[in-house]
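Shown next: input.txt, given as compact mmCIF, C-alpha atoms and all ligand atoms.
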# COMPACT_ATOMS: atom_id res chain seq x y z
CA MET A 298 -8.17 -94.65 -18.45
CA GLN A 299 -9.86 -92.23 -20.78
CA GLU A 300 -8.38 -91.99 -24.28
CA THR A 301 -6.43 -88.81 -25.04
CA ASN A 302 -8.47 -86.60 -27.35
CA LEU A 303 -8.40 -83.03 -28.67
CA PHE A 304 -9.86 -81.82 -25.36
CA THR A 305 -7.40 -83.46 -23.01
CA PRO A 306 -5.31 -80.64 -21.51
CA LEU A 307 -1.63 -80.65 -22.49
CA GLN A 308 1.50 -79.38 -20.79
CA LEU A 309 3.54 -77.91 -23.66
CA GLY A 310 6.90 -76.93 -22.21
CA LYS A 311 6.06 -74.20 -19.70
CA LEU A 312 2.53 -73.72 -21.03
CA SER A 313 -0.64 -75.43 -19.88
CA LEU A 314 -2.96 -75.79 -22.86
CA PRO A 315 -6.67 -76.38 -22.21
CA ASN A 316 -6.98 -78.36 -25.47
CA ARG A 317 -4.83 -79.84 -28.24
CA VAL A 318 -6.28 -77.89 -31.14
CA ILE A 319 -3.40 -75.72 -32.37
CA MET A 320 -3.80 -72.84 -34.81
CA ALA A 321 -1.13 -73.38 -37.48
CA PRO A 322 0.98 -70.43 -38.67
CA LEU A 323 -0.83 -68.72 -41.54
CA THR A 324 0.56 -65.91 -43.65
CA ARG A 325 -2.34 -63.60 -44.51
CA SER A 326 -0.45 -60.64 -46.02
CA ARG A 327 -2.58 -57.97 -44.44
CA THR A 328 0.10 -55.71 -42.95
CA PRO A 329 1.07 -53.35 -45.80
CA ASP A 330 3.57 -51.53 -43.55
CA SER A 331 4.75 -54.79 -41.86
CA VAL A 332 3.23 -53.63 -38.56
CA PRO A 333 0.32 -55.61 -37.05
CA GLY A 334 -2.58 -53.39 -35.99
CA LYS A 335 -6.19 -53.42 -34.81
CA LEU A 336 -7.26 -55.81 -37.59
CA GLN A 337 -4.69 -58.40 -36.49
CA GLU A 338 -5.66 -57.91 -32.82
CA PHE A 339 -9.23 -58.70 -33.75
CA TYR A 340 -8.37 -61.69 -35.98
CA TYR A 341 -6.10 -63.39 -33.45
CA GLY A 342 -8.39 -62.47 -30.54
CA GLN A 343 -11.26 -64.24 -32.36
CA ARG A 344 -9.14 -67.43 -32.36
CA ALA A 345 -8.08 -67.29 -28.67
CA SER A 346 -9.90 -70.53 -27.79
CA ALA A 347 -7.14 -72.52 -29.57
CA GLY A 348 -4.89 -74.54 -27.28
CA LEU A 349 -2.11 -72.44 -28.78
CA ILE A 350 -2.07 -69.90 -31.60
CA ILE A 351 1.09 -69.92 -33.70
CA SER A 352 1.36 -66.56 -35.46
CA GLU A 353 1.84 -66.06 -39.16
CA ALA A 354 5.49 -66.22 -40.24
CA THR A 355 7.19 -62.99 -39.14
CA ASN A 356 10.37 -61.62 -40.70
CA ILE A 357 13.32 -61.21 -38.36
CA SER A 358 15.12 -58.57 -40.47
CA PRO A 359 14.76 -56.63 -43.74
CA THR A 360 16.82 -59.27 -45.61
CA ALA A 361 14.57 -62.01 -44.23
CA ARG A 362 11.70 -60.81 -46.44
CA GLY A 363 10.38 -62.38 -49.62
CA TYR A 364 6.78 -61.26 -49.60
CA VAL A 365 5.49 -57.73 -49.28
CA TYR A 366 2.69 -57.11 -46.74
CA THR A 367 4.00 -59.70 -44.24
CA PRO A 368 4.78 -58.55 -40.69
CA GLY A 369 8.21 -58.08 -39.11
CA ILE A 370 9.75 -58.05 -35.65
CA TRP A 371 12.87 -55.94 -36.11
CA THR A 372 11.57 -52.41 -35.33
CA ASP A 373 9.99 -50.74 -32.29
CA GLU A 374 6.75 -50.16 -34.25
CA GLN A 375 6.48 -53.83 -35.18
CA GLU A 376 7.18 -54.87 -31.59
CA ALA A 377 4.49 -52.49 -30.32
CA GLY A 378 2.05 -53.79 -32.93
CA TRP A 379 2.64 -57.39 -31.82
CA LYS A 380 2.28 -56.38 -28.18
CA GLY A 381 -1.26 -55.26 -29.00
CA VAL A 382 -1.98 -58.62 -30.63
CA VAL A 383 -0.60 -60.57 -27.67
CA GLU A 384 -2.68 -58.49 -25.26
CA ALA A 385 -5.83 -59.10 -27.31
CA VAL A 386 -5.23 -62.88 -27.21
CA HIS A 387 -4.37 -62.89 -23.49
CA ALA A 388 -7.43 -60.76 -22.68
CA LYS A 389 -9.55 -63.59 -24.12
CA GLY A 390 -7.67 -66.23 -22.15
CA GLY A 391 -5.53 -67.50 -25.04
CA ARG A 392 -1.86 -68.27 -25.63
CA ILE A 393 0.26 -67.25 -28.63
CA ALA A 394 3.67 -68.11 -30.09
CA LEU A 395 5.50 -65.99 -32.66
CA GLN A 396 6.85 -67.77 -35.73
CA LEU A 397 10.33 -66.43 -36.61
CA TRP A 398 10.97 -66.33 -40.37
CA HIS A 399 13.83 -65.80 -42.79
CA VAL A 400 12.96 -66.68 -46.40
CA GLY A 401 16.56 -67.10 -47.63
CA ARG A 402 16.48 -67.50 -51.40
CA VAL A 403 12.68 -67.27 -51.75
CA SER A 404 12.90 -63.56 -52.44
CA HIS A 405 13.76 -61.02 -55.12
CA GLU A 406 15.96 -57.91 -55.36
CA MET A 407 12.75 -55.83 -55.43
CA VAL A 408 11.93 -56.93 -51.85
CA GLN A 409 15.50 -56.77 -50.55
CA PRO A 410 17.24 -53.73 -49.00
CA ASN A 411 19.20 -51.70 -51.59
CA GLY A 412 18.07 -54.01 -54.39
CA GLU A 413 20.64 -56.63 -53.37
CA PRO A 414 20.23 -60.33 -54.18
CA PRO A 415 18.67 -62.48 -51.48
CA VAL A 416 20.96 -64.67 -49.36
CA ALA A 417 21.11 -68.47 -49.21
CA PRO A 418 23.47 -71.30 -48.25
CA SER A 419 24.51 -71.59 -51.91
CA ALA A 420 24.01 -69.45 -55.02
CA ILE A 421 21.36 -71.73 -56.50
CA LYS A 422 18.08 -70.33 -57.79
CA GLY A 423 14.88 -72.12 -56.80
CA GLU A 424 13.40 -73.78 -59.90
CA GLY A 425 9.91 -72.42 -60.45
CA ALA A 426 9.93 -70.54 -57.12
CA GLU A 427 7.90 -67.36 -56.75
CA CYS A 428 7.87 -64.65 -54.11
CA PHE A 429 5.50 -61.69 -53.80
CA VAL A 430 6.62 -58.21 -54.81
CA GLU A 431 5.30 -54.69 -55.20
CA PHE A 432 5.78 -53.26 -58.70
CA GLU A 433 6.71 -49.66 -59.54
CA ASP A 434 3.09 -48.79 -60.37
CA GLY A 435 2.09 -49.77 -56.81
CA SER A 436 0.39 -53.04 -57.77
CA ALA A 437 1.58 -56.28 -56.18
CA GLY A 438 1.81 -59.87 -57.32
CA PRO A 439 3.81 -63.08 -57.55
CA HIS A 440 7.19 -62.88 -59.27
CA PRO A 441 9.95 -65.44 -59.95
CA THR A 442 12.65 -65.35 -57.30
CA SER A 443 16.18 -64.02 -57.98
CA THR A 444 19.38 -66.02 -58.00
CA PRO A 445 20.66 -65.68 -54.42
CA ARG A 446 24.19 -65.08 -53.27
CA ALA A 447 25.85 -67.57 -50.93
CA LEU A 448 26.38 -66.33 -47.38
CA GLU A 449 30.02 -65.97 -46.32
CA THR A 450 30.90 -68.10 -43.31
CA ASP A 451 31.56 -65.02 -41.20
CA GLU A 452 28.11 -63.57 -42.00
CA ILE A 453 26.26 -66.41 -40.31
CA PRO A 454 26.75 -65.21 -36.72
CA GLY A 455 25.08 -61.94 -37.78
CA ILE A 456 21.94 -63.79 -38.86
CA VAL A 457 21.93 -65.84 -35.65
CA GLU A 458 22.07 -62.49 -33.87
CA ASP A 459 19.07 -61.24 -35.91
CA TYR A 460 17.09 -64.24 -34.66
CA ARG A 461 18.21 -63.55 -31.10
CA GLN A 462 17.17 -59.89 -31.34
CA ALA A 463 13.81 -60.93 -32.80
CA ALA A 464 13.34 -63.25 -29.82
CA VAL A 465 14.23 -60.41 -27.43
CA ARG A 466 11.54 -58.27 -29.06
CA ALA A 467 9.05 -61.17 -29.02
CA LYS A 468 9.64 -61.61 -25.32
CA ARG A 469 9.17 -57.91 -24.64
CA ALA A 470 5.94 -58.00 -26.69
CA GLY A 471 4.70 -60.69 -24.28
CA PHE A 472 4.61 -63.79 -26.50
CA ASP A 473 4.23 -67.05 -24.55
CA MET A 474 6.55 -68.92 -26.90
CA VAL A 475 8.46 -68.66 -30.16
CA GLU A 476 8.51 -71.10 -33.05
CA VAL A 477 11.62 -71.27 -35.22
CA HIS A 478 10.46 -71.63 -38.83
CA ALA A 479 12.82 -74.23 -40.28
CA ALA A 480 10.21 -75.53 -42.72
CA ASN A 481 8.67 -74.95 -46.14
CA ALA A 482 11.94 -74.46 -48.08
CA TYR A 483 12.90 -71.17 -46.42
CA LEU A 484 16.39 -70.26 -45.15
CA LEU A 485 16.88 -72.81 -42.35
CA ASN A 486 15.32 -75.58 -44.45
CA GLN A 487 17.69 -74.53 -47.28
CA PHE A 488 20.62 -75.19 -44.93
CA LEU A 489 19.24 -78.58 -43.88
CA ALA A 490 18.62 -79.93 -47.40
CA THR A 491 21.32 -81.38 -49.66
CA GLY A 492 19.98 -79.82 -52.89
CA THR A 493 20.11 -76.23 -51.60
CA ASN A 494 23.18 -76.52 -49.37
CA GLN A 495 26.35 -77.24 -51.33
CA ARG A 496 28.70 -75.47 -48.94
CA THR A 497 32.17 -76.74 -48.18
CA ASP A 498 32.62 -74.91 -44.84
CA ARG A 499 31.44 -76.04 -41.41
CA TYR A 500 27.83 -75.28 -42.40
CA GLY A 501 27.71 -77.74 -45.33
CA GLY A 502 28.43 -81.37 -46.19
CA SER A 503 27.54 -83.80 -43.40
CA VAL A 504 24.20 -83.95 -41.60
CA GLU A 505 25.91 -82.41 -38.54
CA ASN A 506 27.29 -79.52 -40.58
CA ARG A 507 24.03 -78.81 -42.41
CA ALA A 508 22.18 -78.76 -39.08
CA ARG A 509 24.74 -76.46 -37.45
CA PHE A 510 23.21 -73.09 -38.36
CA PRO A 511 19.58 -74.05 -37.55
CA LEU A 512 20.78 -75.41 -34.18
CA GLU A 513 22.75 -72.23 -33.52
CA VAL A 514 19.53 -70.31 -34.15
CA VAL A 515 17.60 -72.55 -31.75
CA ASP A 516 20.28 -72.07 -29.09
CA ALA A 517 20.24 -68.28 -29.49
CA VAL A 518 16.47 -68.09 -29.25
CA ALA A 519 16.41 -70.54 -26.32
CA GLU A 520 18.87 -68.34 -24.43
CA VAL A 521 16.25 -65.60 -24.57
CA PHE A 522 13.05 -67.58 -23.92
CA GLY A 523 14.31 -70.74 -22.24
CA PRO A 524 14.10 -73.98 -24.26
CA GLU A 525 10.75 -74.87 -22.71
CA ARG A 526 9.22 -71.90 -24.51
CA VAL A 527 10.73 -72.69 -27.90
CA GLY A 528 9.37 -74.94 -30.63
CA ILE A 529 10.53 -75.60 -34.17
CA ARG A 530 8.69 -76.31 -37.42
CA LEU A 531 10.17 -78.83 -39.84
CA THR A 532 9.17 -80.24 -43.21
CA PRO A 533 11.29 -83.26 -44.08
CA PHE A 534 10.37 -84.73 -47.51
CA ILE A 535 8.60 -81.60 -48.68
CA GLU A 536 9.32 -80.40 -52.21
CA LEU A 537 8.62 -76.71 -52.49
CA PHE A 538 10.23 -73.81 -54.37
CA GLY A 539 12.60 -76.20 -56.14
CA LEU A 540 14.09 -77.56 -52.90
CA THR A 541 15.36 -81.15 -53.10
CA ASP A 542 16.90 -83.27 -50.36
CA ASP A 543 18.65 -86.65 -50.48
CA GLU A 544 18.74 -87.20 -46.71
CA PRO A 545 15.49 -85.94 -45.14
CA GLU A 546 15.03 -88.93 -42.87
CA GLU A 547 18.59 -88.93 -41.47
CA MET A 548 18.34 -85.20 -40.86
CA ALA A 549 14.96 -85.41 -39.13
CA TYR A 550 16.25 -88.10 -36.75
CA TYR A 551 19.46 -86.20 -36.03
CA LEU A 552 17.54 -82.98 -35.31
CA ALA A 553 15.03 -84.79 -33.08
CA GLU A 554 17.87 -86.13 -30.93
CA GLN A 555 19.72 -82.82 -30.80
CA LEU A 556 16.59 -80.86 -29.95
CA SER A 557 15.55 -83.41 -27.35
CA ARG A 558 18.88 -82.95 -25.61
CA ARG A 559 18.28 -79.22 -25.55
CA GLY A 560 14.89 -79.68 -23.88
CA LEU A 561 12.91 -77.95 -26.62
CA ALA A 562 9.17 -77.71 -25.94
CA TYR A 563 7.95 -79.16 -29.24
CA LEU A 564 8.63 -80.36 -32.77
CA HIS A 565 5.97 -79.35 -35.27
CA PHE A 566 5.75 -81.12 -38.63
CA ASN A 567 3.90 -79.85 -41.65
CA GLU A 568 3.35 -83.13 -43.47
CA PRO A 569 4.71 -83.38 -47.02
CA ASN A 570 1.36 -83.97 -48.73
CA TRP A 571 -0.35 -80.96 -47.12
CA ALA A 572 -0.91 -79.23 -50.47
CA GLY A 573 -1.90 -82.44 -52.28
CA GLY A 574 0.59 -84.66 -54.06
CA ASP A 575 1.62 -88.14 -53.12
CA ILE A 576 4.66 -87.73 -50.87
CA HIS A 577 4.25 -89.20 -47.40
CA PHE A 578 6.41 -89.78 -44.37
CA PRO A 579 8.07 -93.20 -44.59
CA GLU A 580 6.58 -96.10 -42.65
CA GLY A 581 7.37 -95.80 -38.95
CA PHE A 582 8.45 -92.15 -39.12
CA HIS A 583 5.99 -90.96 -36.44
CA GLU A 584 7.07 -93.76 -34.08
CA GLN A 585 10.74 -92.94 -34.65
CA MET A 586 10.07 -89.32 -33.71
CA ARG A 587 8.38 -90.43 -30.51
CA GLN A 588 11.41 -92.50 -29.58
CA ARG A 589 13.97 -89.82 -30.36
CA PHE A 590 12.28 -86.67 -29.01
CA ARG A 591 11.03 -86.31 -25.46
CA GLY A 592 9.15 -83.00 -25.86
CA ALA A 593 5.73 -82.66 -27.49
CA LEU A 594 5.04 -83.67 -31.10
CA ILE A 595 2.64 -81.64 -33.22
CA TYR A 596 1.52 -82.72 -36.70
CA CYS A 597 -0.27 -80.62 -39.30
CA GLY A 598 -1.48 -81.02 -42.85
CA GLY A 599 -4.87 -82.19 -44.05
CA TYR A 600 -6.21 -83.14 -40.62
CA ASP A 601 -9.86 -83.17 -39.68
CA ALA A 602 -11.28 -83.99 -36.24
CA GLU A 603 -11.37 -87.73 -36.91
CA ARG A 604 -7.81 -88.04 -38.26
CA ALA A 605 -6.60 -85.88 -35.38
CA ARG A 606 -8.40 -88.10 -32.90
CA GLN A 607 -6.72 -91.19 -34.36
CA ARG A 608 -3.27 -89.59 -34.28
CA LEU A 609 -3.72 -88.65 -30.60
CA ALA A 610 -5.23 -92.02 -29.70
CA ASP A 611 -2.38 -94.02 -31.25
CA GLY A 612 0.03 -91.98 -29.18
CA THR A 613 2.18 -90.63 -32.03
CA ALA A 614 1.08 -86.99 -31.57
CA ASP A 615 0.49 -84.76 -28.56
CA ALA A 616 -1.42 -82.11 -30.48
CA VAL A 617 -2.61 -81.40 -34.01
CA ALA A 618 -2.37 -78.08 -35.83
CA PHE A 619 -4.98 -76.88 -38.29
CA GLY A 620 -4.29 -74.35 -41.02
CA ARG A 621 -7.04 -73.85 -43.59
CA PRO A 622 -9.79 -74.91 -41.13
CA TYR A 623 -8.62 -72.10 -38.82
CA ILE A 624 -8.86 -69.51 -41.57
CA ALA A 625 -12.59 -70.15 -41.84
CA ASN A 626 -13.50 -71.19 -38.28
CA PRO A 627 -12.50 -68.85 -35.49
CA ASP A 628 -14.25 -71.16 -33.00
CA LEU A 629 -12.74 -74.40 -34.32
CA PRO A 630 -12.39 -76.16 -30.91
CA GLU A 631 -16.06 -75.52 -30.15
CA ARG A 632 -17.07 -76.88 -33.55
CA PHE A 633 -14.99 -80.01 -33.01
CA ARG A 634 -16.39 -80.43 -29.51
CA THR A 635 -20.00 -80.22 -30.66
CA GLY A 636 -19.52 -81.93 -34.02
CA ALA A 637 -20.87 -78.84 -35.78
CA ALA A 638 -20.29 -78.28 -39.50
CA LEU A 639 -17.27 -76.24 -40.52
CA ASN A 640 -17.27 -73.06 -42.62
CA GLU A 641 -15.39 -73.55 -45.91
CA PRO A 642 -12.30 -71.38 -46.41
CA ASP A 643 -12.25 -69.18 -49.51
CA SER A 644 -8.79 -69.38 -51.07
CA ARG A 645 -9.33 -66.12 -52.99
CA THR A 646 -9.03 -64.20 -49.72
CA PHE A 647 -6.16 -66.18 -48.15
CA TYR A 648 -3.63 -63.44 -48.94
CA GLY A 649 -4.03 -59.67 -48.97
CA GLY A 650 -7.06 -57.41 -48.54
CA ALA A 651 -8.63 -56.56 -45.19
CA GLU A 652 -11.64 -57.85 -43.18
CA LYS A 653 -13.20 -59.89 -45.99
CA GLY A 654 -12.18 -63.53 -45.64
CA TYR A 655 -10.22 -62.63 -42.51
CA THR A 656 -12.38 -61.52 -39.60
CA ASP A 657 -15.85 -62.06 -41.08
CA TYR A 658 -16.16 -65.87 -40.90
CA PRO A 659 -19.14 -66.58 -38.64
CA PHE A 660 -18.99 -68.15 -35.19
CA LEU A 661 -21.38 -71.00 -34.41
CA ASP A 662 -23.94 -68.72 -32.84
CA ASN A 663 -23.57 -66.44 -35.88
CA GLY A 664 -22.55 -63.75 -33.46
CA HIS A 665 -20.02 -61.66 -35.33
CA ASP A 666 -17.69 -59.99 -32.92
CA ARG A 667 -17.45 -56.73 -34.82
CA LEU A 668 -14.31 -54.69 -35.06
CA GLY A 669 -14.12 -51.50 -33.05
C1 LIG B 701 0.28 -71.61 -44.79
N1 LIG B 701 1.27 -72.36 -44.13
C2 LIG B 701 2.26 -71.70 -43.43
N2 LIG B 701 3.20 -72.42 -42.75
C3 LIG B 701 4.12 -71.79 -41.99
O1 LIG B 701 4.95 -72.47 -41.36
N3 LIG B 701 4.12 -70.42 -41.88
C4 LIG B 701 3.24 -69.64 -42.54
O2 LIG B 701 3.25 -68.40 -42.40
C5 LIG B 701 2.28 -70.29 -43.37
N4 LIG B 701 1.37 -69.58 -44.09
C6 LIG B 701 0.34 -70.20 -44.77
C7 LIG B 701 -0.66 -69.45 -45.38
C8 LIG B 701 -1.74 -70.07 -45.99
C9 LIG B 701 -2.82 -69.24 -46.59
C10 LIG B 701 -1.80 -71.50 -46.00
C11 LIG B 701 -2.98 -72.20 -46.64
C12 LIG B 701 -0.80 -72.24 -45.43
C13 LIG B 701 1.10 -73.81 -43.97
C14 LIG B 701 0.10 -74.09 -42.84
O3 LIG B 701 0.64 -73.72 -41.57
C15 LIG B 701 -0.27 -75.58 -42.74
O4 LIG B 701 0.89 -76.33 -42.52
C16 LIG B 701 -0.97 -76.07 -44.00
O5 LIG B 701 -2.02 -75.22 -44.37
C17 LIG B 701 -1.49 -77.50 -43.82
O6 LIG B 701 -2.48 -77.55 -42.82
P1 LIG B 701 -4.06 -77.64 -43.21
O7 LIG B 701 -4.41 -76.36 -43.91
O8 LIG B 701 -4.19 -78.82 -44.14
O9 LIG B 701 -4.72 -77.83 -41.90
With the file now loaded, output its structure as structure tokens.
Ligand code: FNR
Amino acid sequence: MQETNLFTPLQLGKLSLPNRVIMAPLTRSRTPDSVPGKLQEFYYGQRASAGLIISEATNISPTARGYVYTPGIWTDEQEAGWKGVVEAVHAKGGRIALQLWHVGRVSHEMVQPNGEPPVAPSAIKGEGAECFVEFEDGSAGPHPTSTPRALETDEIPGIVEDYRQAAVRAKRAGFDMVEVHAANAYLLNQFLATGTNQRTDRYGGSVENRARFPLEVVDAVAEVFGPERVGIRLTPFIELFGLTDDEPEEMAYYLAEQLSRRGLAYLHFNEPNWAGGDIHFPEGFHEQMRQRFRGALIYCGGYDAERARQRLADGTADAVAFGRPYIANPDLPERFRTGAALNEPDSRTFYGGAEKGYTDYPFLDNGHDRLG
């Protein structure tokens, strides 16, 4: 039997992917009015040869925001903007999931409606955490986050409803799937982790209680899309924005079993050392995930073609997602297939601006699909 590689087709829930090269979600901060437009249509369309594109993190409501210039999915204009993006990807034969995002405490009064404090499981400020704000003079930049206020128990159903509404809009916009962003120290991750969740109600304390709200969100979104069109992103062991967690392994295993029972399409892990540092998954973690979850497993973080090949060949992953390589290489699958060199991403243009560092990275044949 031929070894599974990046070009072995994959059934991901309801979707048939022609390859296993996934475009990781990448915030690019190029929607000043939070509405995706022609520039985003072009950017995502350029990357349609991915097995699956996962969109940049997209705010589900005004309180879900922590960074100016990121897109939303709570208004008609935003929905229409995303519809254009989906159509551009589909027109080129691609598939795209929307990543649903609430930042929780990684925000500031300046970004929040009516200058209110951001919301979180508990009123604990993220040590050293920064969000991205617009100042009164119109300039924008990083800024320390505010101390959040703890959500009341009876407010939580309202946020679950915001996720559900966002999924309804995503479905109307034509997305093939949605990914629940429960990673990178944002709201759902803040509920999962012991350091950020010190609640004493049914949403805090035990592993089961801390997982309750994220699972309610998954259930709400799955009611809209069907579980086979829903994935989730997790980051056990990650230390970001001052988040700490005493039980990441127990929680990851519990979630894998719960999500498996629900028939979720995939679990997607951003590995803890993705931004450098020396934190790794414990020995045997990937194998444990395989045993506990029957959907697809996607890993991301520092992969190149060779590491991805190994991960697929040893059977611990079904697909591999690429972040920074996708910023710089719109035709990444073709480059992997032919062994061509990769363009280097320029971190100065990761966030903000327009075409430069966004839609102007060359394809292999140097043919620039031009905008317009
Ligand atoms: C990211 N990452 C990220 N993750 C996420 O879940 N939602 C997001 O919107 C973003 N945005 C984002 C922007 C930029 C500029 C970078 C570099 C990263 C994390 C990303 O999806 C991925 O997990 C990491 O980049 C690690 O993968 P690579 O880059 O090592 O392949």
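Across the structure, atom CA of Val477 of chain A and atom C6 of ligand LIG 701 (chain B) are spaced 14.8 Å apart.
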Query raised in the report: Which neighbours of Glu452 of chain A fall inside 12 Å, counting all atoms listed in the file, when residues of the same chain fewer than 2 positions from it are skipped, and could you give them as number ranges by chain?
Result: A: 416-418, 447-450, 454-459, 500, 510
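Interatomic distance, atom CA of Thr355 of chain A against atom CA of Ser331 of chain A: 9.0 Å.
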Compile a residue-level contact table for chain A against ligand LIG 701 (chain B) at a cut-off of 9 Å, reporting for every qualifying residue the shortest atom pair and its distance in Å to one decimal, with all atoms listed in the file counted, rows ordered by chain and ascending number, as a tab-separated table.
residue	atom	partner	partner_atom	distance
A:Met320	CA	B:LIG701	O3	8.1
A:Ala321	CA	B:LIG701	O3	4.5
A:Pro322	CA	B:LIG701	O3	4.4
A:Leu323	CA	B:LIG701	N4	3.5
A:Thr324	CA	B:LIG701	N4	3.8
A:Arg325	CA	B:LIG701	C9	6.0
A:Ser326	CA	B:LIG701	C7	8.8
A:Ile351	CA	B:LIG701	N3	8.7
A:Ser352	CA	B:LIG701	O2	7.4
A:Glu353	CA	B:LIG701	O2	4.2
A:Ala354	CA	B:LIG701	O2	3.8
A:Thr355	CA	B:LIG701	O2	7.4
A:Thr367	CA	B:LIG701	O2	8.9
A:Gln396	CA	B:LIG701	N3	7.2
A:Trp398	CA	B:LIG701	N3	8.1
A:His478	CA	B:LIG701	O1	6.1
A:Ala479	CA	B:LIG701	O1	8.1
A:Ala480	CA	B:LIG701	O1	6.2
A:Asn481	CA	B:LIG701	O1	6.5
A:Arg530	CA	B:LIG701	O1	6.7
A:Leu531	CA	B:LIG701	O1	8.4
A:Phe566	CA	B:LIG701	O4	7.9
A:Asn567	CA	B:LIG701	O4	4.7
A:Glu568	CA	B:LIG701	O4	7.3
A:Asn570	CA	B:LIG701	C17	8.6
A:Trp571	CA	B:LIG701	C17	4.9
A:Ala572	CA	B:LIG701	C17	6.9
A:Tyr596	CA	B:LIG701	O4	8.7
A:Cys597	CA	B:LIG701	O6	5.2
A:Gly598	CA	B:LIG701	O6	3.6
A:Gly599	CA	B:LIG701	O8	3.4
A:Tyr600	CA	B:LIG701	O9	5.7
A:Asp601	CA	B:LIG701	O9	7.7
A:Val617	CA	B:LIG701	O9	8.9
A:Ala618	CA	B:LIG701	O9	6.5
A:Phe619	CA	B:LIG701	O9	3.7
A:Gly620	CA	B:LIG701	O7	3.5
A:Arg621	CA	B:LIG701	O7	3.6
A:Pro622	CA	B:LIG701	O9	5.9
A:Tyr623	CA	B:LIG701	O9	7.6
A:Ile624	CA	B:LIG701	C9	7.9
A:Ser644	CA	B:LIG701	C9	7.5
A:Thr646	CA	B:LIG701	C9	8.6
A:Phe647	CA	B:LIG701	C9	4.8
A:Tyr648	CA	B:LIG701	C9	6.3
Report task. Kindly indicate which residue among A:Asn506, A:Leu349, A:Gly378, A:Thr442 lies nearest to Leu336 of chain A, using all atoms listed in the file for the distances. Result ->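 Nearest candidate to Leu336 of chain A out of A:Asn506, A:Leu349, A:Gly378, A:Thr442: A:Gly378.
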Report summary line: Between atom CA of Gln375 of chain A and atom CA of Ala361 of chain A lies a distance of 14.6 Å
Ala616 of chain A surroundings by only C-alpha atoms, 6 Å radius, close-in-sequence under 2 positions cut, as a tab-separated table (two decimals) with C-alpha atoms, in the frame of the given file:
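That gives us result.tsv:
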chain	number	residue	atom	x	y	z
A	317	ARG	CA	-4.83	-79.84	-28.24
A	595	ILE	CA	2.64	-81.64	-33.22
A	614	ALA	CA	1.08	-86.99	-31.57
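When only C-alpha atoms are used to compute distances to Ser358 of chain A, the closest of the residues A:Ala437, A:Ala464, A:Met474, A:Ala426 turns out to be A:Ala464.
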So that I can check the surroundings of segment 591-594 of chain A, please list as a compact mmCIF listing (two decimals) with C-alpha atoms, in the coordinates of the input every protein, DNA and RNA residue that reaches within 6 Å of it, counting all atoms listed in the file and ignoring chain neighbours fewer than 4 positions away.
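Result written to part-v4.txt:
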# COMPACT_ATOMS: atom_id res chain seq x y z
CA SER A 557 15.55 -83.41 -27.35
CA ALA A 562 9.17 -77.71 -25.94
CA TYR A 563 7.95 -79.16 -29.24
CA LEU A 564 8.63 -80.36 -32.77
CA ALA A 614 1.08 -86.99 -31.57
CA ASP A 615 0.49 -84.76 -28.56
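Proximity to Gln607 of chain A was assessed for A:Ile319, A:Trp379, A:Thr301, A:Glu652 counting all atoms listed in the file; the smallest distance is recorded for A:Thr301.
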Requested in this report: Go through A:Gly381, A:Pro333, A:Gly425, A:Pro359 and flag the residue nearest Arg469 of chain A, using only C-alpha atoms for the distances.
Outcome: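 So, comparing all the options, the nearest one is A:Gly381.
Taking only C-alpha atoms, the non-local environment of Arg632 of chain A within 10 Å (same-chain residues fewer than 6 positions away omitted) comprises A:Ala602, A:Asn626, A:Ala638, A:Leu639, A:Asn640, A:Phe660, A:Leu661.
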Report task. Considering only C-alpha atoms, state which residue in the set A:Gly581, A:Gly348, A:Pro533, A:Gly573 is at the smallest distance from Gly390 of chain A. Result ->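 Closest candidate: A:Gly348.
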**Report entry** Proximity to Thr491 of chain A - best of A:Glu547, A:Glu338, A:Glu424, A:Glu513, all atoms listed in the file
**Finding:**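 Nearest candidate to Thr491 of chain A out of A:Glu547, A:Glu338, A:Glu424, A:Glu513: A:Glu547.
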**Report entry** 6 Å contact set for segment 439-441 of chain A, all atoms listed in the file, chain neighbours under 2 positions out, as number ranges by chain
**Finding:** A: 426-429
